[in-house]
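Enquirer: Sending over run.txt (compact mmCIF, N, CA and C atoms).
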# COMPACT_ATOMS: atom_id res chain seq x y z
N MET O 1 11.40 -32.84 58.20
CA MET O 1 12.81 -32.58 58.01
C MET O 1 13.49 -32.51 59.37
N THR O 2 14.60 -33.21 59.55
CA THR O 2 15.34 -33.16 60.81
C THR O 2 16.55 -32.27 60.63
N GLU O 3 16.86 -31.59 61.70
CA GLU O 3 18.01 -30.69 61.68
C GLU O 3 19.14 -31.38 62.42
N SER O 4 20.32 -31.42 61.84
CA SER O 4 21.45 -32.05 62.51
C SER O 4 22.36 -30.98 63.09
N VAL O 5 22.91 -31.30 64.25
CA VAL O 5 23.84 -30.40 64.92
C VAL O 5 25.20 -31.07 64.91
N SER O 6 26.19 -30.41 64.38
CA SER O 6 27.53 -30.97 64.31
C SER O 6 28.24 -30.79 65.64
N THR O 7 28.84 -31.88 66.12
CA THR O 7 29.63 -31.81 67.34
C THR O 7 31.10 -32.07 67.03
N ALA O 8 31.45 -32.04 65.75
CA ALA O 8 32.83 -32.25 65.34
C ALA O 8 33.72 -31.17 65.95
N ASN O 9 34.87 -31.57 66.42
CA ASN O 9 35.87 -30.66 66.99
C ASN O 9 35.43 -30.03 68.31
N ASN O 10 34.41 -30.57 68.96
CA ASN O 10 33.95 -30.06 70.24
C ASN O 10 34.42 -30.97 71.36
N LEU O 11 34.50 -30.41 72.58
CA LEU O 11 34.97 -31.16 73.74
C LEU O 11 34.05 -30.89 74.90
N LEU O 12 33.64 -31.94 75.62
CA LEU O 12 32.81 -31.82 76.81
C LEU O 12 33.55 -32.42 77.99
N ILE O 13 33.70 -31.63 79.04
CA ILE O 13 34.28 -32.11 80.29
C ILE O 13 33.14 -32.12 81.30
N GLY O 14 32.68 -33.31 81.61
CA GLY O 14 31.48 -33.49 82.41
C GLY O 14 31.66 -33.24 83.89
N GLU O 15 30.52 -33.11 84.56
CA GLU O 15 30.49 -32.92 86.01
C GLU O 15 31.19 -34.10 86.69
N GLY O 16 32.03 -33.80 87.67
CA GLY O 16 32.77 -34.84 88.38
C GLY O 16 34.12 -35.15 87.77
N VAL O 17 34.39 -34.64 86.55
CA VAL O 17 35.67 -34.88 85.88
C VAL O 17 36.65 -33.78 86.26
N THR O 18 37.89 -34.17 86.58
CA THR O 18 38.97 -33.22 86.86
C THR O 18 40.04 -33.41 85.81
N PHE O 19 40.47 -32.31 85.17
CA PHE O 19 41.49 -32.37 84.13
C PHE O 19 42.56 -31.33 84.43
N THR O 20 43.84 -31.75 84.35
CA THR O 20 44.95 -30.83 84.51
C THR O 20 45.83 -30.96 83.26
N GLY O 21 46.11 -29.84 82.60
CA GLY O 21 46.93 -29.86 81.40
C GLY O 21 46.46 -28.82 80.41
N SER O 22 47.00 -28.88 79.21
CA SER O 22 46.67 -27.91 78.17
C SER O 22 45.67 -28.51 77.18
N ILE O 23 44.73 -27.67 76.74
CA ILE O 23 43.74 -28.08 75.75
C ILE O 23 43.74 -27.07 74.62
N GLU O 24 43.76 -27.58 73.40
CA GLU O 24 43.56 -26.73 72.23
C GLU O 24 42.49 -27.41 71.38
N ALA O 25 41.36 -26.75 71.21
CA ALA O 25 40.24 -27.33 70.47
C ALA O 25 39.73 -26.31 69.45
N PRO O 26 39.55 -26.73 68.19
CA PRO O 26 39.09 -25.79 67.17
C PRO O 26 37.61 -25.43 67.28
N GLY O 27 36.84 -26.19 68.05
CA GLY O 27 35.41 -25.93 68.18
C GLY O 27 35.06 -25.40 69.56
N LYS O 28 33.96 -25.93 70.10
CA LYS O 28 33.44 -25.48 71.39
C LYS O 28 33.92 -26.41 72.50
N VAL O 29 34.32 -25.81 73.63
CA VAL O 29 34.68 -26.57 74.82
C VAL O 29 33.64 -26.24 75.89
N SER O 30 32.97 -27.28 76.40
CA SER O 30 31.96 -27.13 77.45
C SER O 30 32.52 -27.76 78.72
N ILE O 31 32.53 -26.99 79.80
CA ILE O 31 33.13 -27.46 81.04
C ILE O 31 32.09 -27.47 82.16
N ASN O 32 31.83 -28.66 82.68
CA ASN O 32 30.98 -28.81 83.85
C ASN O 32 31.77 -29.39 85.01
N GLY O 33 33.01 -29.81 84.74
CA GLY O 33 33.90 -30.34 85.77
C GLY O 33 34.92 -29.28 86.16
N LYS O 34 36.10 -29.74 86.57
CA LYS O 34 37.17 -28.84 86.99
C LYS O 34 38.37 -28.98 86.06
N VAL O 35 38.81 -27.85 85.49
CA VAL O 35 39.94 -27.84 84.57
C VAL O 35 40.98 -26.86 85.10
N SER O 36 42.23 -27.30 85.11
CA SER O 36 43.35 -26.45 85.51
C SER O 36 44.42 -26.54 84.43
N GLY O 37 44.72 -25.41 83.79
CA GLY O 37 45.71 -25.39 82.72
C GLY O 37 45.32 -24.42 81.63
N ASP O 38 46.11 -24.41 80.57
CA ASP O 38 45.86 -23.51 79.45
C ASP O 38 44.78 -24.07 78.54
N LEU O 39 43.92 -23.18 78.05
CA LEU O 39 42.83 -23.58 77.16
C LEU O 39 42.72 -22.60 76.02
N LYS O 40 42.75 -23.12 74.80
CA LYS O 40 42.58 -22.30 73.61
C LYS O 40 41.50 -22.97 72.77
N ALA O 41 40.43 -22.21 72.47
CA ALA O 41 39.31 -22.76 71.71
C ALA O 41 38.58 -21.62 71.00
N ASP O 42 37.67 -22.00 70.11
CA ASP O 42 36.85 -20.99 69.44
C ASP O 42 35.79 -20.47 70.40
N ASP O 43 35.14 -21.38 71.11
CA ASP O 43 34.01 -21.05 71.96
C ASP O 43 34.16 -21.81 73.27
N VAL O 44 34.08 -21.11 74.40
CA VAL O 44 34.19 -21.75 75.71
C VAL O 44 32.92 -21.48 76.50
N TRP O 45 32.34 -22.56 77.03
CA TRP O 45 31.15 -22.48 77.88
C TRP O 45 31.51 -23.13 79.20
N VAL O 46 31.44 -22.36 80.29
CA VAL O 46 31.68 -22.89 81.63
C VAL O 46 30.32 -23.01 82.30
N GLY O 47 29.90 -24.25 82.55
CA GLY O 47 28.59 -24.51 83.13
C GLY O 47 28.51 -24.13 84.59
N PRO O 48 27.32 -24.15 85.16
CA PRO O 48 27.11 -23.76 86.56
C PRO O 48 27.96 -24.55 87.55
N GLN O 49 28.27 -25.81 87.25
CA GLN O 49 29.11 -26.63 88.12
C GLN O 49 30.57 -26.58 87.70
N GLY O 50 30.88 -25.85 86.62
CA GLY O 50 32.22 -25.85 86.05
C GLY O 50 33.16 -24.87 86.70
N SER O 51 34.45 -25.22 86.67
CA SER O 51 35.51 -24.36 87.18
C SER O 51 36.70 -24.48 86.24
N LEU O 52 37.22 -23.35 85.80
CA LEU O 52 38.35 -23.30 84.86
C LEU O 52 39.38 -22.33 85.40
N ARG O 53 40.60 -22.84 85.59
CA ARG O 53 41.69 -22.02 86.13
C ARG O 53 42.90 -22.15 85.20
N GLY O 54 43.36 -20.98 84.70
CA GLY O 54 44.54 -20.99 83.83
C GLY O 54 44.47 -19.88 82.80
N LYS O 55 45.31 -20.02 81.78
CA LYS O 55 45.34 -19.04 80.68
C LYS O 55 44.32 -19.49 79.64
N VAL O 56 43.29 -18.66 79.42
CA VAL O 56 42.20 -19.00 78.53
C VAL O 56 42.15 -18.02 77.37
N GLN O 57 42.10 -18.54 76.14
CA GLN O 57 41.96 -17.72 74.94
C GLN O 57 40.84 -18.30 74.09
N ALA O 58 39.85 -17.45 73.76
CA ALA O 58 38.74 -17.90 72.93
C ALA O 58 38.10 -16.72 72.23
N ARG O 59 37.37 -17.03 71.19
CA ARG O 59 36.62 -15.99 70.49
C ARG O 59 35.44 -15.56 71.36
N VAL O 60 34.68 -16.54 71.86
CA VAL O 60 33.50 -16.29 72.69
C VAL O 60 33.64 -17.08 73.98
N ILE O 61 33.34 -16.43 75.12
CA ILE O 61 33.37 -17.11 76.42
C ILE O 61 32.06 -16.82 77.14
N ASP O 62 31.42 -17.87 77.63
CA ASP O 62 30.13 -17.77 78.33
C ASP O 62 30.30 -18.46 79.69
N VAL O 63 30.22 -17.68 80.77
CA VAL O 63 30.53 -18.20 82.10
C VAL O 63 29.30 -18.26 82.99
N HIS O 64 28.93 -19.48 83.37
CA HIS O 64 27.86 -19.71 84.35
C HIS O 64 28.46 -20.15 85.68
N GLY O 65 29.70 -20.65 85.66
CA GLY O 65 30.40 -21.16 86.84
C GLY O 65 31.55 -20.24 87.22
N GLU O 66 32.75 -20.83 87.38
CA GLU O 66 33.92 -20.08 87.84
C GLU O 66 35.03 -20.09 86.79
N LEU O 67 35.66 -18.93 86.63
CA LEU O 67 36.77 -18.77 85.69
C LEU O 67 37.82 -17.92 86.37
N PHE O 68 39.07 -18.42 86.41
CA PHE O 68 40.15 -17.76 87.13
C PHE O 68 41.39 -17.56 86.26
N GLU O 69 42.15 -16.53 86.55
CA GLU O 69 43.49 -16.21 86.07
C GLU O 69 43.52 -15.30 84.85
N ASP O 70 44.11 -15.74 83.72
CA ASP O 70 44.41 -14.89 82.57
C ASP O 70 43.44 -15.23 81.43
N ILE O 71 42.49 -14.33 81.15
CA ILE O 71 41.40 -14.62 80.23
C ILE O 71 41.42 -13.64 79.06
N THR O 72 41.35 -14.15 77.83
CA THR O 72 41.26 -13.31 76.65
C THR O 72 40.07 -13.76 75.81
N SER O 73 39.12 -12.84 75.62
CA SER O 73 37.97 -13.09 74.76
C SER O 73 38.09 -12.17 73.56
N LYS O 74 38.31 -12.75 72.39
CA LYS O 74 38.59 -11.95 71.20
C LYS O 74 37.35 -11.29 70.62
N GLU O 75 36.15 -11.80 70.98
CA GLU O 75 34.94 -11.24 70.40
C GLU O 75 33.91 -10.85 71.45
N HIS O 76 33.43 -11.82 72.23
CA HIS O 76 32.33 -11.55 73.16
C HIS O 76 32.49 -12.39 74.42
N MET O 77 32.32 -11.75 75.57
CA MET O 77 32.42 -12.43 76.87
C MET O 77 31.14 -12.15 77.63
N VAL O 78 30.52 -13.21 78.19
CA VAL O 78 29.31 -13.05 78.99
C VAL O 78 29.55 -13.68 80.35
N ILE O 79 29.29 -12.91 81.40
CA ILE O 79 29.31 -13.45 82.76
C ILE O 79 27.85 -13.52 83.20
N ARG O 80 27.34 -14.73 83.32
CA ARG O 80 25.93 -14.95 83.67
C ARG O 80 25.68 -14.66 85.14
N HIS O 81 24.43 -14.63 85.55
CA HIS O 81 24.07 -14.26 86.93
C HIS O 81 24.67 -15.21 87.96
N THR O 82 25.03 -16.43 87.57
CA THR O 82 25.66 -17.37 88.49
C THR O 82 27.18 -17.40 88.32
N GLY O 83 27.70 -16.62 87.37
CA GLY O 83 29.12 -16.67 87.02
C GLY O 83 30.01 -15.83 87.90
N GLN O 84 31.24 -16.31 88.06
CA GLN O 84 32.25 -15.58 88.82
C GLN O 84 33.55 -15.64 88.04
N VAL O 85 34.12 -14.48 87.72
CA VAL O 85 35.38 -14.39 86.99
C VAL O 85 36.37 -13.60 87.85
N THR O 86 37.56 -14.17 88.04
CA THR O 86 38.59 -13.54 88.86
C THR O 86 39.90 -13.61 88.10
N GLY O 87 40.57 -12.46 87.93
CA GLY O 87 41.87 -12.45 87.27
C GLY O 87 42.05 -11.27 86.36
N VAL O 88 42.81 -11.47 85.30
CA VAL O 88 43.10 -10.43 84.31
C VAL O 88 42.30 -10.76 83.06
N LEU O 89 41.42 -9.84 82.67
CA LEU O 89 40.51 -10.07 81.55
C LEU O 89 40.78 -9.08 80.43
N SER O 90 41.01 -9.61 79.22
CA SER O 90 41.09 -8.80 78.00
C SER O 90 39.90 -9.21 77.15
N TYR O 91 39.17 -8.23 76.65
CA TYR O 91 37.93 -8.54 75.93
C TYR O 91 37.66 -7.50 74.85
N ALA O 92 36.89 -7.90 73.84
CA ALA O 92 36.44 -6.96 72.81
C ALA O 92 35.08 -6.40 73.22
N GLU O 93 34.19 -7.29 73.70
CA GLU O 93 32.85 -6.90 74.11
C GLU O 93 32.51 -7.69 75.37
N LEU O 94 31.96 -7.02 76.38
CA LEU O 94 31.69 -7.66 77.68
C LEU O 94 30.24 -7.44 78.09
N GLU O 95 29.62 -8.51 78.57
CA GLU O 95 28.25 -8.44 79.08
C GLU O 95 28.23 -9.14 80.44
N VAL O 96 27.70 -8.45 81.45
CA VAL O 96 27.60 -9.02 82.80
C VAL O 96 26.14 -8.95 83.23
N GLU O 97 25.55 -10.12 83.47
CA GLU O 97 24.18 -10.14 83.95
C GLU O 97 24.13 -9.72 85.41
N ARG O 98 22.99 -9.23 85.82
CA ARG O 98 22.79 -8.85 87.22
C ARG O 98 23.05 -10.07 88.09
N GLY O 99 23.96 -9.93 89.05
CA GLY O 99 24.35 -11.03 89.92
C GLY O 99 25.68 -11.65 89.53
N GLY O 100 26.10 -11.46 88.27
CA GLY O 100 27.40 -11.94 87.83
C GLY O 100 28.50 -11.16 88.52
N ARG O 101 29.63 -11.83 88.78
CA ARG O 101 30.71 -11.17 89.54
C ARG O 101 32.03 -11.20 88.79
N PHE O 102 32.75 -10.07 88.89
CA PHE O 102 34.10 -9.97 88.34
C PHE O 102 34.99 -9.32 89.38
N GLN O 103 36.19 -9.89 89.55
CA GLN O 103 37.18 -9.29 90.44
C GLN O 103 38.53 -9.39 89.76
N GLY O 104 39.23 -8.25 89.65
CA GLY O 104 40.54 -8.25 89.02
C GLY O 104 40.72 -7.04 88.13
N ASP O 105 41.54 -7.21 87.11
CA ASP O 105 41.85 -6.14 86.15
C ASP O 105 41.24 -6.49 84.81
N MET O 106 40.72 -5.48 84.13
CA MET O 106 40.17 -5.72 82.79
C MET O 106 40.58 -4.62 81.85
N LYS O 107 40.71 -5.01 80.56
CA LYS O 107 40.98 -4.02 79.52
C LYS O 107 40.28 -4.43 78.24
N GLN O 108 39.75 -3.44 77.57
CA GLN O 108 39.08 -3.68 76.31
C GLN O 108 40.12 -3.59 75.19
N VAL O 109 40.09 -4.59 74.30
CA VAL O 109 41.08 -4.61 73.20
C VAL O 109 40.38 -4.49 71.86
Now, as a test, write the supplied structure out as C-alpha cells.

Expert:
Amino acid sequence: MTESVSTANNLLIGEGVTFTGSIEAPGKVSINGKVSGDLKADDVWVGPQGSLRGKVQARVIDVHGELFEDITSKEHMVIRHTGQVTGVLSYAELEVERGGRFQGDMKQV
C-alpha cells in the first residue's frame, strides 16, 4: 500500500528565489529563498536558508532560518536551534530550541 501526500494549496519558494509582495495560501508555505511582504497561511516553514520579512499570520510557524517584523502564530510557534526571529511576536504557544534566538517584543494571546 502506498501513502499519498497532498500538496494541494501549498507553496514552495526555493533557495535562490527572491519574492516581494503579498502571499495568501490556504495550505503550507515553505520558504528556502528570500521573501519580503505580507504572508498569510495555515502553516509556515522557514528553512535554514530562508528569510521572511513582513507581516506574517499563520496557525503554525516553524523557523529554521530568519523571520523579521510583525509575526502572529495563532496556535504554535517553534524557533529551531538555527532560527532567528526579530520583531513583534504574538503567539498562543511558543517553543525555542537551545541556540534559537529571539529579539523584540512578545505577547501570549

Enquirer: For each of O:Gln57, O:Ser22, O:Asn32, O:Gln108, take the minimum atom-to-atom distance to Tyr91 of chain O, counting only C-alpha atoms, then give the residue where this is smallest.

Expert: O:Gln108

Enquirer: Under the rule that all atoms listed in the file are counted, which of O:Leu67, O:Ile23, O:Val96, O:Val56 is the nearest residue to Gln84 of chain O?

Expert: O:Leu67

Enquirer: Lys34 of chain O: which residues within 9 Å, counting only C-alpha atoms, same-chain residues fewer than 5 positions away excluded, as a list in words?

Expert: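 Residues near the query, excluding close chain neighbours: Ile13, Gly14, Glu15, Gly16, Val17, Thr18, Phe19, Thr20, Gln49, Gly50, Ser51, Leu52 and Arg53 of chain O.
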
Enquirer: Would you work out the distance separating atom C of Ile71 of chain O from atom N of Asn9 of chain O, expressed in Å to one decimal?

Expert: 22.9 Å

Enquirer: Which one is closest to Phe102 of chain O: O:Pro26, O:Gly33, O:Gly83, O:Val63? Count all atoms listed in the file.

Expert: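 Result for the nearest residue to Phe102 of chain O: O:Gly83.
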
Enquirer: Using DSSP on the backbone, list every residue of chain O that comes out as strand (DSSP E or B), and give them as a ChimeraX atom specification.

Expert: /O:11-13,18-20,23-31,34-36,39-46,51-63,66-79,84-91,94-96,101-108

Enquirer: To one decimal place, how far is atom N of Lys40 of chain O from atom CA of Ala58 of chain O in Å?

Expert: 6.8 Å

Enquirer: Find, counting only C-alpha atoms, the residue in O:Val46, O:Val35, O:Ile61, O:Ala92 that gets nearest to Val78 of chain O.

Expert: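 Going through O:Val46, O:Val35, O:Ile61, O:Ala92 one by one, the smallest distance to Val78 of chain O is for O:Ile61.
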
Enquirer: Between atom CA of Gly100 of chain O and atom N of Glu69 of chain O, what is the distance in Å, rounded to a tenth?

Expert: 15.5 Å

Enquirer: Have a look at O:Leu11, O:Pro48, O:Asp43, O:Lys28 and name the one nearest to Val60 of chain O; count all atoms listed in the file.

Expert: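 Of all the options, O:Asp43 lies closest to Val60 of chain O.
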